[in-house]
file protein.txt (compact mmCIF, C-alpha atoms and all ligand atoms)
# COMPACT_ATOMS: atom_id res chain seq x y z
CA MET U 1 84.45 50.69 70.84
CA THR U 2 85.61 51.20 74.40
CA ASP U 3 84.18 49.49 77.44
CA SER U 4 82.85 52.74 78.90
CA SER U 5 80.45 53.15 76.00
CA LEU U 6 78.66 49.98 77.18
CA PHE U 7 76.39 52.16 79.29
CA SER U 8 74.88 53.87 76.26
CA LEU U 9 74.51 50.99 73.81
CA PRO U 10 71.15 50.08 72.25
CA PRO U 11 69.13 47.09 73.52
CA CYS U 12 69.98 43.55 72.41
CA ASN U 13 67.32 41.11 71.30
CA LEU U 14 67.78 37.40 71.88
CA CYS U 15 64.36 35.99 72.71
CA SER U 16 62.62 36.24 69.34
CA PRO U 17 60.04 33.47 68.62
CA SER U 18 62.41 31.43 66.47
CA SER U 19 65.56 32.18 68.42
CA LYS U 20 68.13 29.42 68.22
CA THR U 21 71.06 31.61 68.95
CA VAL U 22 73.52 31.72 71.80
CA HIS U 23 75.24 35.02 72.52
CA LEU U 24 78.69 35.01 74.07
CA TRP U 25 80.41 38.09 75.40
CA ARG U 26 83.91 38.43 76.66
CA SER U 27 85.34 41.12 78.87
CA ASN U 28 88.74 42.04 80.19
CA LEU U 29 88.61 42.36 83.98
CA ASP U 30 91.73 44.46 84.51
CA VAL U 31 90.48 47.92 83.63
CA PRO U 32 91.38 51.44 84.83
CA ILE U 33 90.35 52.21 88.41
CA GLU U 34 87.87 54.88 87.24
CA ARG U 35 86.01 52.15 85.37
CA VAL U 36 86.03 49.89 88.44
CA ARG U 37 84.55 52.73 90.51
CA GLU U 38 81.92 53.40 87.85
CA LEU U 39 80.89 49.73 87.77
CA ALA U 40 80.84 49.53 91.58
CA THR U 41 78.03 52.09 91.60
CA ILE U 42 75.67 49.72 89.77
CA LEU U 43 76.16 46.75 92.13
CA SER U 44 73.56 45.85 94.73
CA ASP U 45 74.33 46.12 98.45
CA ASP U 46 74.94 42.38 98.78
CA GLU U 47 77.29 42.44 95.77
CA ARG U 48 79.23 45.36 97.25
CA ALA U 49 79.44 43.50 100.57
CA ARG U 50 80.74 40.46 98.70
CA ALA U 51 83.33 42.60 96.95
CA GLU U 52 84.50 43.94 100.31
CA ARG U 53 85.20 40.42 101.52
CA PHE U 54 87.99 39.88 98.93
CA TYR U 55 91.36 40.16 100.65
CA PHE U 56 93.30 41.35 97.61
CA GLU U 57 92.33 44.50 95.74
CA LEU U 58 93.03 42.80 92.41
CA HIS U 59 90.43 40.10 93.11
CA ARG U 60 87.96 42.62 94.54
CA ASN U 61 88.23 44.77 91.44
CA ARG U 62 87.89 41.81 89.09
CA PHE U 63 84.71 40.74 90.88
CA ILE U 64 83.28 44.27 90.59
CA VAL U 65 84.11 44.43 86.88
CA SER U 66 82.76 40.95 86.19
CA ARG U 67 79.47 41.51 88.03
CA GLY U 68 79.15 45.08 86.77
CA GLY U 69 79.72 43.80 83.23
CA LEU U 70 77.04 41.14 83.70
CA ARG U 71 74.56 43.76 84.91
CA THR U 72 75.45 46.04 82.01
CA ILE U 73 74.92 43.35 79.38
CA LEU U 74 71.73 42.06 81.02
CA GLY U 75 70.46 45.64 81.08
CA ARG U 76 70.75 45.70 77.31
CA TYR U 77 68.71 42.51 76.88
CA LEU U 78 66.08 43.58 79.38
CA ASN U 79 66.08 47.27 78.40
CA LEU U 80 66.71 48.14 82.04
CA LYS U 81 69.28 50.26 83.79
CA PRO U 82 72.03 47.92 84.97
CA ASP U 83 71.42 48.68 88.64
CA ARG U 84 67.75 47.63 88.25
CA VAL U 85 68.62 44.06 87.24
CA GLN U 86 67.67 41.67 90.04
CA PHE U 87 69.12 38.25 90.69
CA GLU U 88 67.98 35.17 92.56
CA TYR U 89 70.28 32.31 93.50
CA SER U 90 69.74 28.56 93.45
CA SER U 91 70.62 26.48 96.51
CA ARG U 92 74.02 25.87 94.92
CA GLY U 93 74.63 29.52 94.17
CA LYS U 94 73.76 29.72 90.45
CA PRO U 95 72.50 33.23 89.72
CA LYS U 96 69.42 33.72 87.56
CA LEU U 97 67.14 36.63 86.80
CA ALA U 98 64.50 37.32 89.42
CA GLU U 99 61.16 36.37 87.92
CA SER U 100 59.42 39.45 86.61
CA GLY U 101 58.14 40.74 83.30
CA GLY U 102 58.93 37.67 81.21
CA ALA U 103 62.65 37.94 82.00
CA GLU U 104 62.73 34.31 83.07
CA LYS U 105 63.10 33.27 79.42
CA LEU U 106 66.55 34.79 79.24
CA GLN U 107 69.15 32.49 80.76
CA PHE U 108 72.78 33.21 81.34
CA ASN U 109 75.95 31.92 82.88
CA VAL U 110 79.31 33.47 83.67
CA SER U 111 82.85 32.25 84.06
CA HIS U 112 86.03 34.11 84.87
CA SER U 113 89.65 33.17 84.90
CA GLN U 114 92.61 35.47 85.56
CA ASP U 115 91.80 38.77 83.80
CA LEU U 116 89.05 37.50 81.48
CA ALA U 117 85.31 36.97 81.91
CA LEU U 118 83.00 35.08 79.60
CA TYR U 119 79.21 35.51 79.61
CA GLY U 120 76.78 33.20 77.79
CA PHE U 121 73.11 34.02 77.08
CA SER U 122 70.35 31.85 75.71
CA CYS U 123 66.61 31.94 75.46
CA ASP U 124 64.59 29.31 77.33
CA ARG U 125 67.48 26.81 77.39
CA ALA U 126 69.82 25.94 80.20
CA ILE U 127 73.30 27.27 79.49
CA GLY U 128 76.64 26.82 81.23
CA VAL U 129 80.01 28.33 80.36
CA ASP U 130 83.43 27.57 81.67
CA LEU U 131 86.60 29.48 80.94
CA GLU U 132 90.09 28.44 81.99
CA TYR U 133 93.48 30.01 81.63
CA LEU U 134 95.75 27.39 80.07
CA ARG U 135 98.23 27.23 82.92
CA ARG U 136 101.07 24.76 82.63
CA PHE U 137 101.27 22.05 85.23
CA ASP U 138 103.33 18.90 85.34
CA ASP U 139 100.78 16.47 86.65
CA ALA U 140 97.93 16.77 84.10
CA GLN U 141 97.89 12.98 83.91
CA ASN U 142 97.49 12.52 87.68
CA ILE U 143 94.80 15.18 87.92
CA ALA U 144 93.00 13.58 84.97
CA ARG U 145 93.16 10.19 86.72
CA ARG U 146 91.60 11.75 89.81
CA PHE U 147 88.71 13.59 88.16
CA PHE U 148 88.18 11.92 84.79
CA SER U 149 86.88 8.47 83.86
CA ALA U 150 89.38 5.66 83.16
CA GLN U 151 88.70 5.96 79.42
CA GLU U 152 89.24 9.75 79.40
CA SER U 153 92.47 9.44 81.39
CA ALA U 154 93.70 6.79 78.98
CA ILE U 155 93.15 9.17 76.05
CA ILE U 156 95.12 11.94 77.79
CA ASP U 157 97.90 9.47 78.66
CA SER U 158 98.15 8.48 75.01
CA LEU U 159 98.62 12.04 73.69
CA PRO U 160 101.97 13.64 72.94
CA GLU U 161 103.20 15.78 75.86
CA GLU U 162 102.44 19.11 74.09
CA GLU U 163 98.78 18.16 73.53
CA LYS U 164 98.01 16.92 77.05
CA ILE U 165 97.29 20.30 78.71
CA ALA U 166 94.89 21.49 75.99
CA ALA U 167 93.08 18.12 75.97
CA PHE U 168 92.85 18.19 79.76
CA PHE U 169 91.34 21.68 79.85
CA ARG U 170 89.01 20.96 76.95
CA GLY U 171 87.68 18.01 78.94
CA TRP U 172 87.58 19.96 82.19
CA THR U 173 85.73 22.95 80.71
CA GLY U 174 83.29 20.59 78.93
CA LYS U 175 82.42 18.83 82.17
CA GLU U 176 82.22 22.03 84.18
CA ALA U 177 80.16 23.86 81.55
CA TYR U 178 77.60 21.03 81.67
CA LEU U 179 77.59 20.99 85.50
CA LYS U 180 77.15 24.76 85.51
CA ALA U 181 74.27 24.55 83.01
CA THR U 182 72.41 22.18 85.34
CA GLY U 183 73.43 24.30 88.34
CA GLU U 184 75.04 21.36 90.15
CA GLY U 185 78.49 22.88 89.88
CA LEU U 186 81.39 20.90 91.25
CA ALA U 187 79.03 19.29 93.77
CA GLY U 188 78.18 17.12 90.74
CA SER U 189 80.53 14.32 89.86
CA LEU U 190 83.07 15.24 87.18
CA ASP U 191 83.72 11.64 86.18
CA ALA U 192 79.98 10.98 85.71
CA VAL U 193 80.09 13.52 82.86
CA GLU U 194 81.96 11.79 80.03
CA VAL U 195 83.29 13.92 77.21
CA SER U 196 85.17 13.17 74.01
CA LEU U 197 88.80 14.22 74.30
CA VAL U 198 90.25 13.23 70.95
CA PRO U 199 91.90 16.48 69.71
CA SER U 200 90.82 15.93 66.09
CA GLU U 201 87.11 15.65 67.01
CA PRO U 202 84.72 18.38 68.19
CA VAL U 203 84.18 18.08 71.92
CA ARG U 204 80.85 16.47 72.83
CA LEU U 205 79.11 14.85 75.75
CA LEU U 206 79.35 11.08 75.47
CA ALA U 207 77.45 9.95 78.55
CA LEU U 208 75.92 11.21 81.78
CA ASN U 209 76.13 8.58 84.51
CA GLY U 210 76.62 6.07 81.70
CA ASP U 211 73.53 7.24 79.79
CA SER U 212 74.43 8.25 76.21
CA GLN U 213 70.84 9.24 75.32
CA ALA U 214 70.78 11.76 78.16
CA ALA U 215 74.12 13.13 76.90
CA ALA U 216 72.76 13.50 73.35
CA ARG U 217 70.27 16.08 74.62
CA TRP U 218 73.15 18.53 75.19
CA HIS U 219 75.43 20.41 72.86
CA LEU U 220 79.00 21.37 73.77
CA HIS U 221 81.15 23.86 71.92
CA SER U 222 84.79 24.57 72.77
CA PHE U 223 86.70 27.56 71.49
CA ILE U 224 89.66 29.82 72.21
CA PRO U 225 88.30 33.15 73.51
CA ALA U 226 91.79 34.68 73.83
CA VAL U 227 95.39 33.54 73.61
CA ASP U 228 96.18 31.02 76.40
CA TYR U 229 92.53 30.53 77.35
CA ILE U 230 90.04 27.83 76.51
CA ALA U 231 86.29 27.93 76.98
CA THR U 232 83.39 25.55 76.53
CA VAL U 233 79.68 26.31 76.37
CA ALA U 234 77.07 23.68 77.23
CA ILE U 235 73.59 24.26 75.91
CA GLU U 236 70.47 22.21 76.34
CA GLY U 237 68.93 21.05 73.07
CA HIS U 238 69.76 20.26 69.51
CA LEU U 239 70.89 23.62 68.29
CA GLN U 240 72.52 23.38 64.91
CA PHE U 241 74.65 26.32 65.81
CA THR U 242 78.08 26.95 64.50
CA ILE U 243 80.76 29.44 65.31
CA ASN U 244 78.83 32.00 63.23
CA ASN U 245 76.12 31.99 65.83
CA TYR U 246 78.47 33.22 68.50
CA GLN U 247 78.60 36.93 68.76
CA PHE U 248 81.56 38.32 70.59
CA ILE U 249 81.46 41.61 72.40
CA LEU U 250 79.06 44.41 71.63
CA ASP U 251 77.59 42.92 68.50
CA CYS U 252 74.07 41.83 69.22
C1 LIG U 301 79.91 26.93 90.07
C2 LIG U 301 81.34 26.50 90.25
C3 LIG U 301 81.56 25.22 89.47
C4 LIG U 301 82.21 27.66 89.67
O1 LIG U 301 83.53 27.30 89.67
P1 LIG U 301 84.77 28.22 89.23
O2 LIG U 301 85.53 27.51 88.16
O3 LIG U 301 85.48 28.61 90.44
O4 LIG U 301 84.17 29.56 88.69
P2 LIG U 301 83.71 30.12 87.27
O5 LIG U 301 84.48 31.33 87.06
O6 LIG U 301 83.68 29.11 86.18
O7 LIG U 301 82.16 30.48 87.56
C5 LIG U 301 81.80 31.39 88.55
C6 LIG U 301 80.43 31.91 88.23
O8 LIG U 301 79.52 30.83 88.04
C7 LIG U 301 78.23 31.22 88.52
N1 LIG U 301 77.79 30.20 89.46
C8 LIG U 301 77.91 30.15 90.81
N2 LIG U 301 77.39 28.97 91.27
C9 LIG U 301 76.95 28.30 90.20
C10 LIG U 301 76.32 27.03 90.02
N3 LIG U 301 76.03 26.22 91.06
N4 LIG U 301 76.01 26.62 88.76
C11 LIG U 301 76.30 27.41 87.71
N5 LIG U 301 76.89 28.63 87.80
C12 LIG U 301 77.21 29.06 89.04
C13 LIG U 301 78.36 32.62 89.15
O9 LIG U 301 77.92 33.56 88.20
C14 LIG U 301 79.84 32.74 89.35
O10 LIG U 301 80.28 34.06 89.18
P3 LIG U 301 80.45 35.03 90.44
O11 LIG U 301 81.40 34.33 91.34
O12 LIG U 301 81.02 36.25 89.84
O13 LIG U 301 79.11 35.18 91.03
C15 LIG U 301 81.71 26.24 91.74
O14 LIG U 301 81.72 27.47 92.42
C16 LIG U 301 80.69 25.32 92.41
O15 LIG U 301 80.78 24.12 92.29
N6 LIG U 301 79.69 25.87 93.11
C17 LIG U 301 78.65 25.08 93.74
C18 LIG U 301 79.01 24.89 95.19
C19 LIG U 301 77.84 24.40 96.00
O16 LIG U 301 77.26 23.38 95.73
N7 LIG U 301 77.51 25.17 97.01
C20 LIG U 301 76.40 24.82 97.86
C21 LIG U 301 76.25 25.82 98.93
S1 LIG U 301 76.03 27.45 98.24

call {"tool": "encode", "arguments": {"input": "protein.txt", "output": "structure tokens"}}
result
Amino acid sequence: MTDSSLFSLPPCNLCSPSSKTVHLWRSNLDVPIERVRELATILSDDERARAERFYFELHRNRFIVSRGGLRTILGRYLNLKPDRVQFEYSSRGKPKLAESGGAEKLQFNVSHSQDLALYGFSCDRAIGVDLEYLRRFDDAQNIARRFFSAQESAIIDSLPEEEKIAAFFRGWTGKEAYLKATGEGLAGSLDAVEVSLVPSEPVRLLALNGDSQAAARWHLHSFIPAVDYIATVAIEGHLQFTINNYQFILDC
């Protein structure tokens, strides 16, 4: 199915009474210019103004496609035309649905990196997603020492060279996904969010400001959304969800 058929797809249903499912969607941001123009028509005036502020056309177009994609997917959940979706923003810039018609139950979060966007949707539970392109850099250890706890940095130090970058980004996306779920973003302290970094174990939150019980109220799930990318979703609550509960692209 091509991207352009997104406009005519049937509604998605996530907020059923027993819903314990998280939907994840992924979208390529580098699309033909006709598609960019089509998506630009569904943005709001403030979104178009924001797009105009990008210096480079590549970044402007990626923003248009990312936000247009978000509106298109939300339109399917809300059974609304994409240009009718309305957002509100928290004091730290986290977008949410404007409160009308019960839409407040549907929660979402977006992340983009290079030419890929990832969208996460949940019902009545805070959700955060973070996506990173696995770029190579030489000083993963120093960056980890700066932003991670002493224990986390020690784990990264102890790994073989070829495992350090993936462990670093798994930790980074886990912390950021949590901070995006709460809406704090990077204004929150990365080293106050402790995550497990042992490659053989599933990523999980170990402690929040030293509190392991607070951490146990959250669920993290890391996965590879595309070659050379890593993503983590943070979701509030004890969902027993597995990879089967994730639904990639157009399958809701
Ligand atoms: C949120 C934040 C961590 C995103 O970092 P990033 O790695 O550059 O970007 P990502 O691609 O992962 O996520 C970007 C998306 O997250 C969402 N977002 C923005 N602010 C957010 C927040 N505080 N919490 C959760 N999600 C947020 C938006 O949908 C954004 O997409 P958009 O730029 O297309 O609108 C970072 O921008 C941040 O810390 N923001 C808060 C800054 C702040 O406190 N500002 C106060 C004055 S407004």

call {"tool": "residues_near_ligand", "arguments": {"input": "protein.txt", "ligand": "ligand LIG 301 (chain U)", "cutoff": "8 Å", "atoms": "all atoms listed in the file", "output": "ChimeraX atom specification"}}
result
/U:63,66-67,90-95,109-113,117,128-132,176-177,179-188

call {"tool": "residues_around", "arguments": {"input": "protein.txt", "residues": "Val85 (chain U)", "least_positions_apart": "4", "cutoff": "7 Å", "atoms": "only C-alpha atoms", "output": "PyMOL selection string"}}
result
chain U and resi 71+75+80

call {"tool": "closest_residue", "arguments": {"input": "protein.txt", "among": "U:Arg170, U:Arg125, U:Lys96, U:Arg53", "to": "Phe223 (chain U)", "atoms": "all atoms listed in the file"}}
result
U:Arg170

call {"tool": "residues_around", "arguments": {"input": "protein.txt", "residues": "Asp46 (chain U)", "least_positions_apart": "3", "cutoff": "12 Å", "atoms": "all atoms listed in the file", "output": "list of chain:residue names"}}
result
U:Ala40, U:Ile42, U:Leu43, U:Ala49, U:Arg50, U:Ala51, U:Glu52, U:Arg53, U:Ile64, U:Arg67, U:Gln86, U:Phe87, U:Glu88

call {"tool": "closest_residue", "arguments": {"input": "protein.txt", "among": "U:Leu190, U:Leu134, U:Ala166, U:Ala140", "to": "Val227 (chain U)", "atoms": "all atoms listed in the file"}}
result
U:Leu134

call {"tool": "residues_around", "arguments": {"input": "protein.txt", "residues": "Pro32 (chain U)", "least_positions_apart": "4", "cutoff": "10 Å", "atoms": "all atoms listed in the file", "output": "compact mmCIF listing (two decimals) with C-alpha atoms, in the coordinates of the input"}}
result
# COMPACT_ATOMS: atom_id res chain seq x y z
CA VAL U 36 86.03 49.89 88.44
CA ARG U 37 84.55 52.73 90.51
CA ASN U 61 88.23 44.77 91.44

call {"tool": "closest_residue", "arguments": {"input": "protein.txt", "among": "U:Ser158, U:Gln107, U:Ser27, U:Ser196", "to": "Gly68 (chain U)", "atoms": "only C-alpha atoms"}}
result
U:Ser27

call {"tool": "closest_residue", "arguments": {"input": "protein.txt", "among": "U:Ser16, U:Ser222, U:Gln213, U:Asn28", "to": "Gly171 (chain U)", "atoms": "all atoms listed in the file"}}
result
U:Ser222

call {"tool": "atom_distance", "arguments": {"input": "protein.txt", "atom1": "CA of Glu38 (chain U)", "atom2": "CA of Arg62 (chain U)"}}
result
13.1 Å

call {"tool": "atom_distance", "arguments": {"input": "protein.txt", "atom1": "CA of Asp191 (chain U)", "atom2": "CA of Ala226 (chain U)"}}
result
27.4 Å

call {"tool": "residues_around", "arguments": {"input": "protein.txt", "residues": "Ile165 (chain U)", "least_positions_apart": "4", "cutoff": "12 Å", "atoms": "all atoms listed in the file", "output": "list of chain:residue names"}}
result
U:Glu132, U:Tyr133, U:Leu134, U:Arg135, U:Arg136, U:Phe137, U:Asp138, U:Asp139, U:Ala140, U:Gln141, U:Asn142, U:Ile143, U:Ala144, U:Ile156, U:Asp157, U:Leu159, U:Pro160, U:Glu161, U:Phe169, U:Arg170, U:Gly171, U:Trp172, U:Leu197, U:Pro199, U:Asp228, U:Tyr229, U:Ile230

call {"tool": "closest_residue", "arguments": {"input": "protein.txt", "among": "U:Val198, U:Ala215, U:Leu74, U:Ala150", "to": "Asn13 (chain U)", "atoms": "all atoms listed in the file"}}
result
U:Leu74

call {"tool": "residues_around", "arguments": {"input": "protein.txt", "residues": "Leu206 (chain U)", "least_positions_apart": "5", "cutoff": "8 Å", "atoms": "all atoms listed in the file", "output": "ChimeraX atom specification"}}
result
/U:193-196,212,215-216

call {"tool": "write_last_selection", "arguments": {"input": "protein.txt", "atoms": "C-alpha atoms", "output": "PDB file, keeping the file's coordinate frame"}}
result
ATOM      1  CA  VAL U 193      80.090  13.520  82.860  1.00  0.00           C
ATOM      2  CA  GLU U 194      81.960  11.790  80.030  1.00  0.00           C
ATOM      3  CA  VAL U 195      83.290  13.920  77.210  1.00  0.00           C
ATOM      4  CA  SER U 196      85.170  13.170  74.010  1.00  0.00           C
ATOM      5  CA  SER U 212      74.430   8.250  76.210  1.00  0.00           C
ATOM      6  CA  ALA U 215      74.120  13.130  76.900  1.00  0.00           C
ATOM      7  CA  ALA U 216      72.760  13.500  73.350  1.00  0.00           C
TER       8      ALA U 216
END

call {"tool": "atom_distance", "arguments": {"input": "protein.txt", "atom1": "CA of Phe168 (chain U)", "atom2": "CA of Ala231 (chain U)"}}
result
12.1 Å

call {"tool": "closest_residue", "arguments": {"input": "protein.txt", "among": "U:Thr232, U:Arg35, U:Phe108, U:Lys20", "to": "Leu70 (chain U)", "atoms": "only C-alpha atoms"}}
result
U:Phe108
